[in-house]
file query.txt (compact mmCIF, C-alpha atoms)
# COMPACT_ATOMS: atom_id res chain seq x y z
CA MET A 1 -61.12 35.40 64.54
CA SER A 2 -60.20 33.16 61.63
CA ALA A 3 -58.94 34.18 58.21
CA ASN A 4 -61.67 35.99 56.28
CA SER A 5 -60.37 37.62 53.15
CA SER A 6 -63.98 38.16 52.05
CA ILE A 7 -64.20 41.25 54.27
CA THR A 8 -64.22 44.35 52.09
CA LEU A 9 -63.03 47.47 53.81
CA PRO A 10 -65.03 50.65 53.12
CA ALA A 11 -63.23 52.85 50.63
CA GLU A 12 -63.55 55.87 52.89
CA ILE A 13 -61.35 54.36 55.62
CA LEU A 14 -58.61 52.96 53.40
CA PRO A 15 -55.16 54.59 53.54
CA SER A 16 -54.08 56.53 50.47
CA ASP A 17 -51.12 54.13 50.21
CA GLY A 18 -51.31 50.66 51.72
CA ARG A 19 -47.59 49.88 51.89
CA PHE A 20 -46.31 49.40 55.46
CA GLY A 21 -43.38 47.04 54.90
CA SER A 22 -40.44 47.13 57.30
CA GLY A 23 -38.01 46.62 54.46
CA PRO A 24 -37.79 46.83 51.61
CA SER A 25 -39.85 49.89 52.39
CA LYS A 26 -42.34 51.97 50.50
CA ILE A 27 -40.74 53.89 47.64
CA PRO A 28 -42.72 57.02 46.72
CA THR A 29 -44.18 56.74 43.24
CA PHE A 30 -42.74 60.06 42.11
CA PHE A 31 -39.24 58.72 42.85
CA LEU A 32 -39.89 55.90 40.40
CA ASP A 33 -41.19 58.33 37.78
CA GLY A 34 -37.96 60.29 38.13
CA LEU A 35 -35.92 57.11 37.87
CA ALA A 36 -37.59 56.16 34.60
CA ALA A 37 -36.64 59.55 33.16
CA THR A 38 -32.92 58.76 33.63
CA GLN A 39 -32.87 55.85 31.18
CA ASP A 40 -30.91 57.88 28.62
CA THR A 41 -28.61 59.73 31.02
CA LEU A 42 -27.86 57.49 34.01
CA LEU A 43 -29.18 53.93 33.91
CA GLY A 44 -26.83 51.63 32.07
CA THR A 45 -23.85 53.92 32.72
CA SER A 46 -20.55 52.60 34.05
CA HIS A 47 -20.01 53.43 37.71
CA ARG A 48 -16.61 54.83 36.74
CA ARG A 49 -18.16 57.45 34.45
CA PRO A 50 -18.81 61.07 35.49
CA ALA A 51 -22.61 60.76 35.68
CA VAL A 52 -22.52 58.04 38.34
CA LYS A 53 -19.50 59.42 40.19
CA ASP A 54 -21.22 62.79 40.42
CA LEU A 55 -24.32 61.07 41.84
CA VAL A 56 -22.20 59.30 44.48
CA ARG A 57 -20.52 62.61 45.31
CA VAL A 58 -23.88 64.28 45.87
CA ILE A 59 -25.08 61.38 48.03
CA ARG A 60 -21.97 61.61 50.21
CA GLU A 61 -22.34 65.38 50.56
CA ARG A 62 -26.05 65.15 51.38
CA MET A 63 -25.51 62.36 53.91
CA SER A 64 -22.94 64.52 55.63
CA GLU A 65 -25.38 67.43 55.65
CA LEU A 66 -28.31 65.33 56.87
CA PHE A 67 -26.38 63.90 59.83
CA LYS A 68 -24.37 67.09 60.47
CA LEU A 69 -21.13 65.13 60.52
CA PRO A 70 -18.17 66.76 62.28
CA ASP A 71 -14.96 67.57 60.45
CA GLY A 72 -12.95 64.42 59.74
CA TYR A 73 -15.95 62.10 59.51
CA GLU A 74 -16.45 60.50 56.10
CA VAL A 75 -19.35 58.91 54.26
CA VAL A 76 -18.23 55.55 52.83
CA LEU A 77 -20.29 53.11 50.79
CA GLY A 78 -20.05 49.71 49.17
CA ASN A 79 -22.01 46.74 47.91
CA GLY A 80 -23.53 43.94 49.97
CA GLY A 81 -25.75 45.62 52.53
CA ALA A 82 -25.33 45.86 56.30
CA THR A 83 -24.93 42.08 56.48
CA LEU A 84 -21.70 42.36 54.53
CA PHE A 85 -20.59 45.28 56.68
CA TRP A 86 -20.70 43.00 59.75
CA ASP A 87 -18.07 40.79 58.10
CA MET A 88 -16.16 43.85 56.97
CA ALA A 89 -16.12 45.18 60.53
CA VAL A 90 -14.94 41.81 61.84
CA HIS A 91 -12.02 41.80 59.40
CA SER A 92 -11.15 45.50 59.36
CA LEU A 93 -12.25 47.12 62.64
CA ILE A 94 -12.20 44.61 65.52
CA ARG A 95 -8.64 44.11 66.73
CA SER A 96 -9.11 41.13 69.03
CA SER A 97 -12.02 41.67 71.44
CA SER A 98 -15.57 42.92 71.00
CA GLU A 99 -18.72 43.39 73.02
CA HIS A 100 -22.14 43.09 71.38
CA LEU A 101 -25.46 44.22 72.81
CA VAL A 102 -27.93 41.54 71.69
CA PHE A 103 -31.69 42.05 71.89
CA GLY A 104 -33.09 40.75 68.63
CA GLU A 105 -32.36 38.74 65.51
CA PHE A 106 -30.24 41.34 63.78
CA SER A 107 -28.11 42.36 66.74
CA SER A 108 -27.36 38.68 67.32
CA LYS A 109 -26.03 38.19 63.78
CA PHE A 110 -23.10 40.57 64.13
CA ALA A 111 -22.07 38.80 67.34
CA ALA A 112 -22.25 35.47 65.52
CA ALA A 113 -20.05 36.78 62.71
CA ALA A 114 -17.41 37.95 65.20
CA ARG A 115 -17.52 34.67 67.11
CA GLN A 116 -16.72 32.71 63.94
CA ALA A 117 -13.57 34.68 63.14
CA PRO A 118 -10.43 32.73 64.16
CA PHE A 119 -8.42 35.93 64.74
CA ILE A 120 -10.89 37.38 67.29
CA ASP A 121 -9.83 36.29 70.79
CA SER A 122 -12.88 37.34 72.79
CA VAL A 123 -16.52 38.05 71.95
CA LYS A 124 -18.74 39.17 74.81
CA GLU A 125 -22.52 39.26 74.40
CA VAL A 126 -24.70 41.35 76.70
CA LYS A 127 -28.23 40.08 76.15
CA ALA A 128 -31.74 41.23 76.98
CA GLU A 129 -35.14 39.67 76.40
CA TYR A 130 -36.69 40.53 73.07
CA GLY A 131 -38.84 43.61 73.57
CA SER A 132 -36.26 45.25 75.85
CA CYS A 133 -32.60 46.18 75.49
CA PRO A 134 -29.37 45.63 77.45
CA THR A 135 -26.96 48.20 78.85
CA LEU A 136 -23.39 48.53 77.67
CA GLU A 137 -20.89 47.04 80.11
CA GLU A 138 -17.44 48.58 80.07
CA VAL A 139 -14.76 45.92 80.19
CA GLU A 140 -11.01 46.45 80.15
CA GLY A 141 -9.47 45.12 76.96
CA ILE A 142 -12.53 45.46 74.73
CA ASP A 143 -11.46 47.30 71.59
CA THR A 144 -14.84 47.40 69.82
CA TYR A 145 -18.39 47.85 71.09
CA ALA A 146 -21.21 46.82 68.73
CA LEU A 147 -24.57 48.51 69.31
CA THR A 148 -27.86 48.53 67.43
CA HIS A 149 -29.84 51.75 67.27
CA ASN A 150 -33.14 50.17 66.31
CA GLU A 151 -33.79 46.42 66.44
CA THR A 152 -35.90 45.91 63.33
CA SER A 153 -37.19 42.50 64.38
CA THR A 154 -38.71 43.64 67.69
CA GLY A 155 -39.39 47.36 67.37
CA VAL A 156 -37.02 48.43 70.16
CA LEU A 157 -35.16 51.75 69.94
CA ALA A 158 -32.02 51.53 72.06
CA PRO A 159 -30.19 54.47 73.61
CA LEU A 160 -26.65 54.94 72.31
CA GLN A 161 -23.66 55.57 74.53
CA ARG A 162 -19.90 55.69 74.29
CA PRO A 163 -17.75 54.09 77.01
CA GLN A 164 -16.49 56.72 79.43
CA SER A 165 -12.96 55.43 79.92
CA SER A 166 -12.02 53.71 76.70
CA ASP A 167 -10.56 54.46 73.29
CA ALA A 168 -12.50 51.52 71.85
CA LEU A 169 -14.50 51.97 68.68
CA VAL A 170 -18.29 52.16 68.86
CA LEU A 171 -20.01 50.57 65.86
CA VAL A 172 -23.75 51.16 65.50
CA ASP A 173 -26.02 49.13 63.25
CA ALA A 174 -28.48 51.83 62.18
CA THR A 175 -30.27 50.13 59.33
CA SER A 176 -33.88 50.93 60.28
CA ALA A 177 -33.09 54.06 62.34
CA ALA A 178 -30.81 56.02 60.01
CA GLY A 179 -32.66 58.84 58.32
CA ALA A 180 -35.58 58.81 60.74
CA VAL A 181 -34.13 59.02 64.26
CA PRO A 182 -31.94 61.84 65.66
CA VAL A 183 -28.37 60.82 66.43
CA ASP A 184 -25.30 62.58 67.82
CA PRO A 185 -22.23 61.65 65.73
CA SER A 186 -20.00 62.00 68.78
CA VAL A 187 -21.38 58.72 70.19
CA PHE A 188 -20.28 56.55 67.25
CA ASP A 189 -17.25 55.69 65.16
CA ALA A 190 -19.26 53.83 62.53
CA TYR A 191 -22.96 54.38 61.94
CA TYR A 192 -23.80 51.95 59.17
CA PHE A 193 -27.01 51.03 57.40
CA SER A 194 -28.71 49.67 54.32
CA PRO A 195 -30.89 52.06 52.30
CA GLN A 196 -34.07 49.97 51.97
CA LYS A 197 -35.65 51.35 55.16
CA ALA A 198 -35.92 55.07 55.96
CA PHE A 199 -34.05 55.98 52.78
CA ALA A 200 -36.87 54.55 50.63
CA SER A 201 -34.55 52.67 48.32
CA GLU A 202 -33.56 49.13 47.42
CA GLY A 203 -31.12 46.82 49.22
CA GLY A 204 -27.69 45.57 48.23
CA LEU A 205 -25.70 48.60 49.35
CA TRP A 206 -24.18 49.64 52.70
CA ILE A 207 -23.42 53.16 53.81
CA ALA A 208 -21.22 53.95 56.80
CA LEU A 209 -20.58 57.24 58.54
CA LEU A 210 -17.03 56.83 59.84
CA SER A 211 -15.07 58.78 62.43
CA PRO A 212 -11.36 59.52 61.97
CA GLN A 213 -10.69 56.82 64.60
CA ALA A 214 -12.56 54.18 62.57
CA ILE A 215 -10.73 55.19 59.41
CA SER A 216 -7.39 54.93 61.20
CA ARG A 217 -8.29 51.51 62.63
CA ALA A 218 -9.12 50.19 59.15
CA VAL A 219 -5.78 51.34 57.77
CA GLU A 220 -3.92 50.07 60.85
CA THR A 221 -5.46 46.60 60.56
CA VAL A 222 -4.16 46.22 57.03
CA ALA A 223 -0.71 47.40 58.12
CA LEU A 224 -0.62 44.71 60.82
CA GLY A 225 -0.70 42.05 58.11
CA ARG A 226 -4.08 40.42 58.75
CA TYR A 227 -5.39 38.67 55.66
CA ILE A 228 -8.51 40.50 54.51
CA PRO A 229 -10.40 39.60 51.33
CA THR A 230 -10.52 42.71 49.16
CA MET A 231 -14.32 42.84 49.29
CA LEU A 232 -14.09 42.97 53.12
CA ASP A 233 -11.25 45.45 53.32
CA LEU A 234 -12.75 48.68 54.65
CA SER A 235 -9.66 50.64 53.62
CA VAL A 236 -10.39 49.72 49.99
CA ALA A 237 -13.98 50.96 50.36
CA ILE A 238 -12.69 54.19 51.92
CA ASP A 239 -10.27 54.79 49.07
CA ASN A 240 -12.95 54.14 46.46
CA SER A 241 -15.50 56.32 48.23
CA ARG A 242 -13.04 59.20 48.23
CA GLU A 243 -13.09 58.78 44.45
CA ASN A 244 -16.92 58.83 44.56
CA GLN A 245 -17.28 55.25 43.46
CA THR A 246 -17.67 51.76 44.88
CA TYR A 247 -15.08 48.99 44.62
CA ASN A 248 -17.35 46.94 42.36
CA THR A 249 -20.40 47.80 40.30
CA PRO A 250 -23.38 49.14 42.29
CA ALA A 251 -27.05 49.17 41.32
CA ILE A 252 -27.45 52.62 39.76
CA ALA A 253 -31.19 52.64 40.48
CA THR A 254 -30.48 52.21 44.18
CA LEU A 255 -28.12 55.18 44.15
CA TYR A 256 -30.71 57.29 42.36
CA LEU A 257 -33.42 56.43 44.89
CA ILE A 258 -31.17 57.18 47.88
CA ASN A 259 -30.41 60.57 46.43
CA ALA A 260 -34.08 61.27 45.74
CA GLN A 261 -34.94 60.56 49.39
CA LEU A 262 -32.06 62.71 50.60
CA GLU A 263 -33.19 65.58 48.40
CA TRP A 264 -36.76 65.23 49.65
CA LEU A 265 -35.77 65.12 53.32
CA LEU A 266 -33.32 68.02 53.10
CA SER A 267 -35.81 70.18 51.21
CA HIS A 268 -38.31 69.72 54.06
CA GLY A 269 -35.98 70.38 56.98
CA GLY A 270 -33.62 67.41 57.14
CA LEU A 271 -33.36 64.87 59.92
CA SER A 272 -35.56 66.85 62.32
CA TYR A 273 -38.37 66.78 59.75
CA ALA A 274 -37.92 63.06 59.12
CA ALA A 275 -37.83 62.27 62.84
CA LYS A 276 -40.99 64.26 63.55
CA ARG A 277 -42.85 62.60 60.71
CA SER A 278 -41.98 59.12 62.01
CA ALA A 279 -42.65 60.15 65.62
CA ASP A 280 -46.10 61.43 64.65
CA SER A 281 -46.92 58.10 63.01
CA ALA A 282 -45.62 56.22 66.06
CA ALA A 283 -47.72 58.30 68.44
CA ILE A 284 -50.83 57.46 66.43
CA LEU A 285 -50.06 53.74 66.38
CA TYR A 286 -49.07 53.33 70.03
CA GLN A 287 -51.94 55.44 71.35
CA TRP A 288 -54.36 53.31 69.37
CA ALA A 289 -52.79 50.09 70.67
CA ASP A 290 -52.79 51.37 74.26
CA ASN A 291 -56.50 52.13 73.98
CA ALA A 292 -57.59 49.03 72.03
CA ALA A 293 -59.24 46.34 74.15
CA TYR A 294 -57.64 43.56 72.10
CA ALA A 295 -54.13 44.93 71.40
CA GLN A 296 -51.10 46.37 73.11
CA PRO A 297 -47.57 47.44 72.13
CA PHE A 298 -45.12 44.53 72.31
CA VAL A 299 -42.48 46.82 73.83
CA SER A 300 -43.83 47.51 77.30
CA ASP A 301 -41.45 50.39 78.16
CA PRO A 302 -42.70 53.47 76.26
CA THR A 303 -39.19 54.96 76.23
CA LEU A 304 -37.93 51.99 74.21
CA ARG A 305 -40.72 51.90 71.63
CA SER A 306 -39.38 52.45 68.16
CA PRO A 307 -40.60 55.44 66.15
CA VAL A 308 -39.83 53.59 62.91
CA ILE A 309 -40.97 49.98 63.50
CA GLY A 310 -44.13 49.40 65.51
CA THR A 311 -44.80 45.91 66.90
CA ILE A 312 -48.33 45.37 68.20
CA ASP A 313 -49.42 42.24 70.06
CA PHE A 314 -52.98 40.91 69.90
CA ASP A 315 -54.77 38.97 72.60
CA ASP A 316 -55.93 35.38 72.12
CA THR A 317 -59.33 36.44 70.76
CA VAL A 318 -57.74 37.88 67.61
CA ASP A 319 -55.63 36.02 65.05
CA ALA A 320 -53.07 38.54 63.81
CA THR A 321 -52.28 36.32 60.82
CA ALA A 322 -55.92 36.54 59.74
CA VAL A 323 -55.94 40.31 60.22
CA ALA A 324 -52.81 40.66 58.07
CA ALA A 325 -54.33 38.41 55.38
CA THR A 326 -57.51 40.46 55.30
CA LEU A 327 -55.57 43.70 55.11
CA ARG A 328 -53.53 42.28 52.24
CA ALA A 329 -56.69 41.25 50.39
CA ASN A 330 -57.73 44.91 50.61
CA GLY A 331 -54.44 46.28 49.31
CA ILE A 332 -52.82 47.00 52.71
CA VAL A 333 -49.63 44.98 52.62
CA ASP A 334 -46.60 43.80 54.60
CA THR A 335 -47.96 44.14 58.13
CA GLU A 336 -46.92 40.59 59.09
CA PRO A 337 -44.57 40.17 62.10
CA TYR A 338 -40.91 39.23 61.86
CA ARG A 339 -41.03 35.55 60.99
CA LYS A 340 -38.64 34.29 63.69
CA LEU A 341 -40.26 36.20 66.53
CA GLY A 342 -43.27 33.88 66.45
CA ARG A 343 -45.73 36.23 68.11
CA ASN A 344 -49.41 36.96 67.52
CA GLN A 345 -48.68 40.47 66.32
CA LEU A 346 -48.41 42.90 63.45
CA ARG A 347 -45.21 44.77 62.56
CA ILE A 348 -45.81 48.14 60.95
CA ALA A 349 -43.22 50.41 59.37
CA LEU A 350 -43.37 54.10 60.29
CA PHE A 351 -40.65 55.45 58.02
CA PRO A 352 -40.71 59.10 56.88
CA SER A 353 -42.08 58.19 53.44
CA ILE A 354 -45.23 56.84 55.14
CA ASN A 355 -47.91 59.46 55.72
CA PRO A 356 -49.08 59.63 59.37
CA ASP A 357 -52.64 59.94 58.08
CA ASP A 358 -52.24 56.53 56.48
CA VAL A 359 -51.19 55.07 59.84
CA GLU A 360 -54.38 56.49 61.33
CA ALA A 361 -56.36 54.91 58.49
CA LEU A 362 -54.62 51.58 59.08
CA THR A 363 -55.75 51.52 62.71
CA GLN A 364 -59.33 52.16 61.61
CA CYS A 365 -59.10 49.31 59.13
CA ILE A 366 -57.84 46.93 61.82
CA ASP A 367 -60.68 47.95 64.12
CA PHE A 368 -63.14 47.32 61.29
CA ILE A 369 -61.76 43.84 60.61
CA VAL A 370 -61.67 42.82 64.26
CA GLY A 371 -65.19 44.16 64.75
CA ARG A 372 -66.42 41.72 62.07
CA ARG A 373 -64.90 38.62 63.68

call {"tool": "encode", "arguments": {"input": "query.txt", "output": "structure tokens"}}
result
Amino acid sequence: MSANSSITLPAEILPSDGRFGSGPSKIPTFFLDGLAATQDTLLGTSHRRPAVKDLVRVIRERMSELFKLPDGYEVVLGNGGATLFWDMAVHSLIRSSSEHLVFGEFSSKFAAAARQAPFIDSVKEVKAEYGSCPTLEEVEGIDTYALTHNETSTGVLAPLQRPQSSDALVLVDATSAAGAVPVDPSVFDAYYFSPQKAFASEGGLWIALLSPQAISRAVETVALGRYIPTMLDLSVAIDNSRENQTYNTPAIATLYLINAQLEWLLSHGGLSYAAKRSADSAAILYQWADNAAYAQPFVSDPTLRSPVIGTIDFDDTVDATAVAATLRANGIVDTEPYRKLGRNQLRIALFPSINPDDVEALTQCIDFIVGRR
């Protein structure tokens, strides 16, 4: 089919909310209404003042509650997003040798950052074809293993594991998984993410759940005398977080939205509620794709299919770009695939803030469009 934005979808099959972006994600409207009400009490306030520091304190406490963090683990945050945290980890957490599991665009970027650092002696990449995932390979001398919980570009959910015979750190990029996928804190030393996915917020901030071992490594690295720019010094971020602030000025609106999502999730049952909501949406999407004559899930192994990012391939009779354009013309937005993947597919977010009923409606809309080709 070719692009045909003149197709008008029947009102009765439209989703109640047409936002399916993989990040920045849908922000519930009532969060924004609440944000507007803070203009006299929070917005425009210094991040060193009690109102903002109290908000950061509550976020840290609620993150710890949501993930059921063991004693000694700390919630640390700073500006720059997960992309900055890669550089921070390179400077503050990797001693001299790291292994990176690479199976998509985002998992490859941390490996690239480590490879560029002149003080890192060895960077090992364990790769898998996009749409699958590699297995961790234990190697003597590796002091840091870099995993990705959910590869946002491909829609692959990877199992997490800790090396059996190593005291190496395990760093997990959790940007699109955190807040929507169950996780056992014992398997990671740093579980870090940006809030513009399952936490229904804006970008520009990173949050890391750190084990005592990761905290010690950050302090140890400074003591060894490595030059670390202050912005990339994890020990500085830890010290500031303990004071319920960030090293430099954060976006207050982003903090407010994170807290609103945490409050919503915890009031409904926490991470188990969030995970079930995303899993229900994923089941709807993948069952539809499995049954559609013209579509199929990009990730062939059902055990690796992400419950938060669904990637659906179309056969040669259907132009996914045209489908996405027609959806957009009808108010259903951000279903386009990851730009560098270059596949004839749609990429659909399944975060907890998205209603599973809307995912069902989306599949009906796609069927309607394809049926008019």

call {"tool": "closest_residue", "arguments": {"input": "query.txt", "among": "A:Thr303, A:Ser194, A:Ser186, A:Gln213", "to": "A:Asp143", "atoms": "only C-alpha atoms"}}
result
A:Gln213

call {"tool": "closest_atom_pairs", "arguments": {"input": "query.txt", "of": "stretch 41-100 of chain A", "to": "stretch 265-280 of chain A", "cutoff": "12 Å", "atoms": "all atoms listed in the file", "output": "Markdown table"}}
result
| residue | atom | partner | partner_atom | distance |
| --- | --- | --- | --- | --- |
| A:Ile59 | CA | A:Leu266 | CA | 11.7 |
| A:Glu61 | CA | A:Leu266 | CA | 11.6 |
| A:Arg62 | CA | A:Leu266 | CA | 8.0 |
| A:Met63 | CA | A:Leu266 | CA | 9.7 |
| A:Ser64 | CA | A:Gly270 | CA | 11.2 |
| A:Glu65 | CA | A:Leu266 | CA | 8.4 |
| A:Leu66 | CA | A:Gly270 | CA | 5.7 |
| A:Phe67 | CA | A:Leu271 | CA | 7.0 |
| A:Lys68 | CA | A:Leu271 | CA | 9.3 |

call {"tool": "residues_around", "arguments": {"input": "query.txt", "residues": "A:Tyr338", "least_positions_apart": "2", "cutoff": "12 Å", "atoms": "all atoms listed in the file", "output": "list in words"}}
result
Gly21, Ser22, Gly23, Gly104, Glu105, Phe106, Glu151, Thr152, Ser153, Thr154, Gly155, Ile309, Gly310, Thr311, Ile312, Thr321, Asp334, Thr335, Glu336, Lys340, Leu341, Gly342, Arg343, Asn344, Gln345, Leu346, Arg347, Ile348 and Ala349 of chain A

call {"tool": "residues_near_point", "arguments": {"input": "query.txt", "point": "(-43.3, 56.3, 52.4)", "cutoff": "7 Å", "atoms": "only C-alpha atoms", "output": "count of residues only"}}
result
9

call {"tool": "closest_residue", "arguments": {"input": "query.txt", "among": "A:Ala214, A:Ala292, A:Leu101, A:Ala146", "to": "A:Asp315", "atoms": "all atoms listed in the file"}}
result
A:Ala292

call {"tool": "residues_around", "arguments": {"input": "query.txt", "residues": "A:Ser132", "least_positions_apart": "3", "cutoff": "12 Å", "atoms": "only C-alpha atoms", "output": "list in words"}}
result
Leu101, Val102, Phe103, Gly104, Lys127, Ala128, Glu129, Thr135, Asn150, Glu151, Ser153, Thr154, Gly155, Val156, Leu157, Ala158, Pro159, Phe298, Val299, Ser300, Asp301, Pro302, Thr303, Leu304, Arg305 and Ser306 of chain A

call {"tool": "closest_residue", "arguments": {"input": "query.txt", "among": "A:Ala223, A:Ala253, A:Ala180, A:Val370", "to": "A:Val308", "atoms": "all atoms listed in the file"}}
result
A:Ala180

call {"tool": "closest_atom_pairs", "arguments": {"input": "query.txt", "of": "stretch 18-132 of chain A", "to": "stretch 228-235 of chain A", "cutoff": "7 Å", "atoms": "only C-alpha atoms", "output": "tab-separated table"}}
result
residue	atom	partner	partner_atom	distance
A:Asp87	CA	A:Leu232	CA	6.7
A:Met88	CA	A:Leu232	CA	4.5
A:His91	CA	A:Ile228	CA	6.2
A:Ser92	CA	A:Leu234	CA	5.9

call {"tool": "atom_distance", "arguments": {"input": "query.txt", "atom1": "atom CA of A:Pro182", "atom2": "atom CA of A:Val236"}}
result
29.3 Å

call {"tool": "closest_residue", "arguments": {"input": "query.txt", "among": "A:Leu362, A:Ala117, A:Leu69, A:Ile142", "to": "A:Val187", "atoms": "all atoms listed in the file"}}
result
A:Leu69

call {"tool": "closest_residue", "arguments": {"input": "query.txt", "among": "A:Val76, A:Ala218, A:Ile94, A:Ala208", "to": "A:Tyr247", "atoms": "only C-alpha atoms"}}
result
A:Val76

call {"tool": "residues_around", "arguments": {"input": "query.txt", "residues": "A:Arg162", "least_positions_apart": "5", "cutoff": "9 Å", "atoms": "all atoms listed in the file", "output": "list in words"}}
result
Leu136, Tyr145, Ala168, Leu169, Val170, Ser186, Val187 and Phe188 of chain A

call {"tool": "atom_distance", "arguments": {"input": "query.txt", "atom1": "atom CA of A:Glu125", "atom2": "atom CA of A:Ala111"}}
result
7.1 Å

call {"tool": "residues_around", "arguments": {"input": "query.txt", "residues": "A:Asp121", "least_positions_apart": "4", "cutoff": "10 Å", "atoms": "all atoms listed in the file", "output": "count of residues only"}}
result
7

call {"tool": "atom_distance", "arguments": {"input": "query.txt", "atom1": "atom CA of A:Tyr191", "atom2": "atom CA of A:Ile207"}}
result
8.2 Å

call {"tool": "closest_residue", "arguments": {"input": "query.txt", "among": "A:Ala174, A:Leu262, A:Ile13, A:Leu160", "to": "A:Phe199", "atoms": "all atoms listed in the file"}}
result
A:Leu262
